[in-house]
Amino acid sequence: MTKLISLKYDKNGLIPAIIQDYKTKEVLMVAYMNKESLKRSIKLKKTCFWSRSRKEYWVKGETSGNFQLVKEIRYDCDLDALLIKVRQAGKGVACHTGNRSCFYRKLVL
């Protein structure tokens with residue numbers, strides 16, 4: 001297991017986290033973490049992120065009840081992105097729009 005300090009955070013101390021349903025493999029959302037929010041996610045076993053706009057920590061589901069229970073955390077080969085596999089709790093939606101995934105729209109090719 002890689003220590004948290006060896007991950008590569010950007011100049012703002014953030015690392016992108018791709019959130020994926022651990023059973024269906026569906027990508028649910030992307031958010032940003034810093035070292036502290038990653039530690040909190042590991043401790044709580046719920047996803048915790050850093051809000052770039054509000055400049056504060058937030059646990060997914062605190063207001064909506066749609067928590068993401070952490071099952072596994074992986075990192076990519078460059079150590080600069082996370083893949084967090086979760087069980088979506090509550091109504092099973094990850095997006096603030098009420099959709100299951102934030103990736104519910106398609107570009108026309």
# chains A, B, ... in the order shown; residues from 1 in each chain; ligands from 1

$ select_by_dssp --residues "stretch 33-109 of chain A" --states "strand (DSSP E)" --output "list in words"
Met33, Cys48, Phe49, Trp50, Ser51, Glu56, Tyr57, Trp58, Val59, Gln68, Leu69, Val70, Lys71, Glu72, Ile73, Arg74, Tyr75, Leu82, Leu83, Ile84, Lys85, Val86, Arg87 and Gln88 of chain A

$ select_by_dssp --residues "chain A" --states "helix (DSSP H, G or I)" --output "ChimeraX atom specification"
/A:4-6,35-44

$ closest_residue --among "A:Leu69, A:Ile18, A:Ile42, A:Val59" --to "A:Gly92" --atoms "only C-alpha atoms"
A:Leu69

$ residues_around --residues "A:Ser6" --least-positions-apart "6" --cutoff "12 Å" --atoms "only C-alpha atoms" --output "PyMOL selection string"
chain A and resi 15+35+75+78-81

$ residues_around --residues "A:Val27" --least-positions-apart "3" --cutoff "10 Å" --atoms "only C-alpha atoms" --output "list in words"
Ile18, Ile19, Gln20, Asp21, Tyr22, Thr24, Val30, Leu83, Ile84, Lys85, Ala94, Arg100, Ser101, Cys102 and Phe103 of chain A

$ write_last_selection --atoms "C-alpha atoms" --output "PDB file, in the first residue's frame"
ATOM      1  CA  ILE A  18     -13.059   9.288  -9.782  1.00  0.00           C
ATOM      2  CA  ILE A  19     -15.956   7.705  -7.931  1.00  0.00           C
ATOM      3  CA  GLN A  20     -17.158   4.350  -9.272  1.00  0.00           C
ATOM      4  CA  ASP A  21     -19.892   1.942  -8.208  1.00  0.00           C
ATOM      5  CA  TYR A  22     -17.997  -1.091  -6.922  1.00  0.00           C
ATOM      6  CA  THR A  24     -21.667  -2.142 -11.642  1.00  0.00           C
ATOM      7  CA  VAL A  30     -15.434  13.179 -10.150  1.00  0.00           C
ATOM      8  CA  LEU A  83     -10.271   5.664  -8.231  1.00  0.00           C
ATOM      9  CA  ILE A  84     -12.615   5.199  -5.308  1.00  0.00           C
ATOM     10  CA  LYS A  85     -15.009   2.285  -5.474  1.00  0.00           C
ATOM     11  CA  ALA A  94     -24.583  10.582  -6.871  1.00  0.00           C
ATOM     12  CA  ARG A 100     -27.597   8.295 -10.512  1.00  0.00           C
ATOM     13  CA  SER A 101     -24.380   9.476 -12.182  1.00  0.00           C
ATOM     14  CA  CYS A 102     -23.055  12.930 -13.005  1.00  0.00           C
ATOM     15  CA  PHE A 103     -22.255  11.515 -16.465  1.00  0.00           C
TER      16      PHE A 103
END

$ closest_residue --among "A:Gly98, A:Ser64, A:Arg74, A:Arg54" --to "A:Leu38" --atoms "only C-alpha atoms"
A:Arg74
